[in-house]
Number of protein chains: 2
Amino acid sequence: MTKPRLKIIPLGGLSEIGKNMMMMEYENDIIVIDAGFMFPEEEMLGIDLVIPDISYLLENKEKIRGIIITHGHDDHIGALPYVLPQFNVPVYSTKLTQGLISVKLKEGKALSKANLKTIHPGGHFTLGKFKIEFFPVCHSIPDAVGLIIHTPVGTIVHSGDFKIDYTPVSGKPTDLSRLAQLGAQGVLLLLADSTYAELPGYTPSERVVSETLDHVIANASGRVIITTFSSLISRIQQVIDAAAKHQRRVFIIGRSMINTSHMALKLGYLNDKEGVLAHLDELKGMPHHKIIFATTGSQGEPTSALVRMANRDHRQVHILRGDTVVISATPVPGNEALINRTVDNLFKQGAQVLYSKLAQVHVHGHASQEELKLLLNLVKPRFFMPIHGEYRHLSLHSKLAQSVGIPRENIFVLEDGDILELNPQAGKITGKITSGNVYVDGLSVGDIGSVVLRNRRMLSRDGIVVVIITVNKQTGKLISRPDIVSRGFVDTRESKDMLEESRDLVVRTLDHSGTRPAEWSLVNDKVRDTLNRFYYEQTKRRPMILPFMVKV
Amino acid sequence: MTKPRLKIIPLGGLSEIGKNMMMMEYENDIIVIDAGFMFPEEEMLGIDLVIPDISYLLENKEKIRGIIITHGHDDHIGALPYVLPQFNVPVYSTKLTQGLISVKLKEGKALSKANLKTIHPGGHFTLGKFKIEFFPVCHSIPDAVGLIIHTPVGTIVHSGDFKIDYTPVSGKPTDLSRLAQLGAQGVLLLLADSTYAELPGYTPSERVVSETLDHVIANASGRVIITTFSSLISRIQQVIDAAAKHQRRVFIIGRSMINTSHMALKLGYLNDKEGVLAHLDELKGMPHHKIIFATTGSQGEPTSALVRMANRDHRQVHILRGDTVVISATPVPGNEALINRTVDNLFKQGAQVLYSKLAQVHVHGHASQEELKLLLNLVKPRFFMPIHGEYRHLSLHSKLAQSVGIPRENIFVLEDGDILELNPQAGKITGKITSGNVYVDGLSVGDIGSVVLRNRRMLSRDGIVVVIITVNKQTGKLISRPDIVSRGFVDTRESKDMLEESRDLVVRTLDHSGTRPAEWSLVNDKVRDTLNRFYYEQTKRRPMILPFMVKV
């Protein structure tokens, strides 16, 4: 067809959890939705963060009308400090989200030039050909929204991260009436959160956790230590409420939780009517049954408050026999080992520990299968595209959509970079743009590529052997016996004889091959091959071998 | 007290899952129970396996009367190839366990000298002052046993790894009557499996999986691919039975599963009455609804059959649209990411995938809380020691024991190396022997220590920079500009200027400090400090810096 179509391109967050980012393009207008980072996977050695590839956006810079953020979690805002300075466009979000974005941008020294616009849930704004409306959704952070996007080809609903909780602790329930109304008017495309598409049934309400916390605090004779995500403001509210009920004070420990709480209090998203929040200098002499600590460390992060307490190296608070620790979170995949170690250490210090395997101390913030079906039923979209999830989540979400009557050919399971082109009658994946992981390591963004990572992996496995060969630059003759230095390969004292033998082997290799200047380029390869074979025979290890020729 | 006491010392498997091994000592007799390995944790870079420290056993070699193995899993037999050659003692086990031990010892070239003794479940034997009886337990491998050990101070019951399954698929149910009888006669000490002490309720019977498999195979229109642990012989039996029922043939793929199945068939632990097992050369032309593959790869192991199929690089079998894949296992902690990636790839190839989150395709082999209480109730031990588990499992198991009436002071929660001394009236932890992890890396056992691992960790994070400084050995003057070679640090092309600048910096550092022979020892430190600071300022990375001085 010749008429301009709407293009929808996921830049991150599809086929991989985290670093959520997508864009929509119609003629000369582009809008960007979310800009998150993800933490590196195990094989991304030494990498600090991973952000989406934005090459396509950079090439189409002048078309970008704005960045829209659905909520304030790192997997939706964390790439902003890296991305925003490259585009001079406004960022649209709700009030709390904006507060969290400011904190991020400030840390990344990108706040001063940022143009942040507040939109209330229910509010509207226009970006080029796109008319956008925020609708409230319930998620594990207040002030989260989904998007209703009116485009020239039809209406698009973007769920954001959501669940359906009729009795949320903070924030509003997902606005089902508005969605039903839209469904009746006709929705072209629904984009919906797939994170928990594996889970049957309904996600329980946050209230369930209130009951557990109430029970735990009522029955604890000593101090209670509750750890959760620092952004989980509703959980902190639950702790404050439970403390008020049981005449305890709450001490917040850990920089990020202190920052978030201060901001949430200031903006009115956290409420301490009875004044239970306390400062650490009030701690001295307070009876144990009056104390609750709220801390970071639910993921076993080595520098977090809880982990320091568990290891007895926190400056202010040590675990005491009789403490009750509640880990009010579930492990983010990959963090299991760190969390388990923390729990073990807490038990060793004599604490009682409650965690998700033992009690309902956490509920997550995403819709399970029945809620996903409910959303599909209300919105009744013509086309459907599962978002936010690894490939298996997207596949399962696509099956759910089929089960409620959306034809298979109207469902688009994309991967990052795929271009979905849409008109009112049809949709098609028409191509792919450059996409993938951009690594942040220290100060640099994007300089780490596959070669550096491959080298780090090789070094991590069997270490390195450096061979220094000093030759006369005229004659090519060895001036001295080659030197060998190793790190991470073997115990150099125990393996002294073997390393000495390998020096002799280098001498013999060079004698055989001669080292006329014309052949110098071959010497390194020969030394590498010979030592590779020798070390493998001797140790069954394959260190990186780095020969270096000094010509004097 | 002056009377000789019984000493019980865990050498591995307490406070850490895996590498199970313990010993009991009375006067001049030592018996060893199990000798397992564990897979390395994430930070043990490049390590192949971890086995227990056996220094104490080596010092008391002449006292050792035998090694007793409870069942044939790697975390109970895997250290034998390393341990057994150091002691000339017999190994006692049931028939299938012996078969699996033979395979292990053969791989480790330690079979020929081994003295392997078969004891049937229910059988007895005497080792010095210890009289040992095997009693059948139900676990996720047939022919598993627990131990009844009559010692001069009283009777000890060791549960092995167990669950209570009244309708096991292979093997016998745990012998509850014998345990009840012993309980009536009086048991001094119970040692019991804590692996699943976190789980409330009862572990379901293996039969549950039969029903799921039956349902899946009945409803699959194409090929069915079932993956599980290669040692899970009862699961393979379930697959054979379901195939027979639904007129399908079973192709076993993957070396370790083929080896185990052959042996289990030969020894009578696997039964293919209807001849459904088939060879791959019978595959050609067979209709898809007649085919079941049983494969390795349930943990996402990169070289396993299933992972190769998922990545389209298996020589014989590719995934086809319409295949149903059943992952009949739960992730071993740490393997989640690999398994998820495999599932994603299978979905991408068009397969339907069923795994533990979606259907009851696996039950595990360890007792949950109610079963643990039942065991405690039947055995009624005077003293109790939880075994096989991380510290949190041991703590929770200890609380279960208290809840059924064992006084807290009669419960001993040990860590590896702790010495529990016991007489008929009392028990006490009296000291600690050398214990911990011994690393197997390639051919060497135990040469890798903390220095090598620390170096590997450092290398894995930010790579290495080698600095070669060539000086005149008389004058100490630089002969040429220093050379710098880096690996895994930065992209060497993009960072060419910075690396060049750092060479100049080394020149300036050496000029400043002078390099008289007397000061040579200081040069390396100075270069290291200068470059460390420079690179950190430039990149916020801290590569390992390895200066090397060539004196000519």
# chains A, B, ... in the order shown; residues from 1 in each chain; ligands from 1

call {"tool": "interface_residues", "arguments": {"of": "chain B", "to": "chain A", "cutoff": "8 Å", "atoms": "only C-alpha atoms", "output": "VMD selection string"}}
result
chain B and resid 45 to 47 198 to 200 333 to 334 336 to 337 343 to 345 347 to 348 357 to 358 390 to 392 395 441 to 444 447 to 449 451 to 457 459 to 463 470 479 487 to 491 494 538 to 541 550 552

call {"tool": "residues_around", "arguments": {"residues": "Thr260 (chain A)", "least_positions_apart": "5", "cutoff": "12 Å", "atoms": "only C-alpha atoms", "output": "PyMOL selection string"}}
result
chain A and resi 72-73+96-97+99-104+141+229-234+236+252-255+265-270+295-296

call {"tool": "residues_around", "arguments": {"residues": "Tyr202 (chain A)", "least_positions_apart": "2", "cutoff": "12 Å", "atoms": "only C-alpha atoms", "output": "number ranges by chain"}}
result
A: 163-166, 196-200, 204-205, 363-374

call {"tool": "select_by_dssp", "arguments": {"residues": "region 54-269 of chain B", "states": "strand (DSSP E or B)", "output": "ChimeraX atom specification"}}
result
/B:64-68,91-93,116-118,124-127,130-136,138,145-151,154-158,163,187-193,224-227,249-253

call {"tool": "residues_around", "arguments": {"residues": "Cys138 (chain B)", "least_positions_apart": "2", "cutoff": "7 Å", "atoms": "only C-alpha atoms", "output": "list in words"}}
result
Pro136, Ala144, Phe162, Lys163, Ile164, Asp165, Gly171, Lys172, Pro173 and Thr174 of chain B

call {"tool": "write_last_selection", "arguments": {"atoms": "N, CA and C atoms", "output": "tab-separated table (two decimals), in the first residue's frame"}}
result
chain	number	residue	atom	x	y	z
B	136	PRO	N	15.76	-49.54	52.93
B	136	PRO	CA	15.37	-48.88	51.69
B	136	PRO	C	14.71	-47.52	51.96
B	144	ALA	N	18.12	-46.53	46.56
B	144	ALA	CA	18.67	-45.62	47.58
B	144	ALA	C	18.41	-46.21	48.95
B	162	PHE	N	15.93	-38.74	51.09
B	162	PHE	CA	14.71	-39.56	51.07
B	162	PHE	C	13.47	-38.69	50.92
B	163	LYS	N	12.40	-39.37	50.48
B	163	LYS	CA	11.06	-38.83	50.65
B	163	LYS	C	10.16	-40.00	50.97
B	164	ILE	N	8.93	-39.70	51.34
B	164	ILE	CA	8.00	-40.78	51.66
B	164	ILE	C	6.98	-40.84	50.53
B	165	ASP	N	7.07	-41.90	49.73
B	165	ASP	CA	6.19	-42.04	48.57
B	165	ASP	C	5.64	-43.45	48.64
B	171	GLY	N	11.81	-48.73	42.52
B	171	GLY	CA	12.34	-48.83	43.87
B	171	GLY	C	11.24	-49.06	44.88
B	172	LYS	N	11.65	-49.13	46.14
B	172	LYS	CA	10.72	-49.46	47.22
B	172	LYS	C	10.35	-48.22	47.99
B	173	PRO	N	9.19	-48.24	48.67
B	173	PRO	CA	8.89	-47.12	49.56
B	173	PRO	C	9.88	-47.14	50.73
B	174	THR	N	10.04	-45.98	51.37
B	174	THR	CA	10.86	-45.90	52.57
B	174	THR	C	10.30	-46.88	53.61
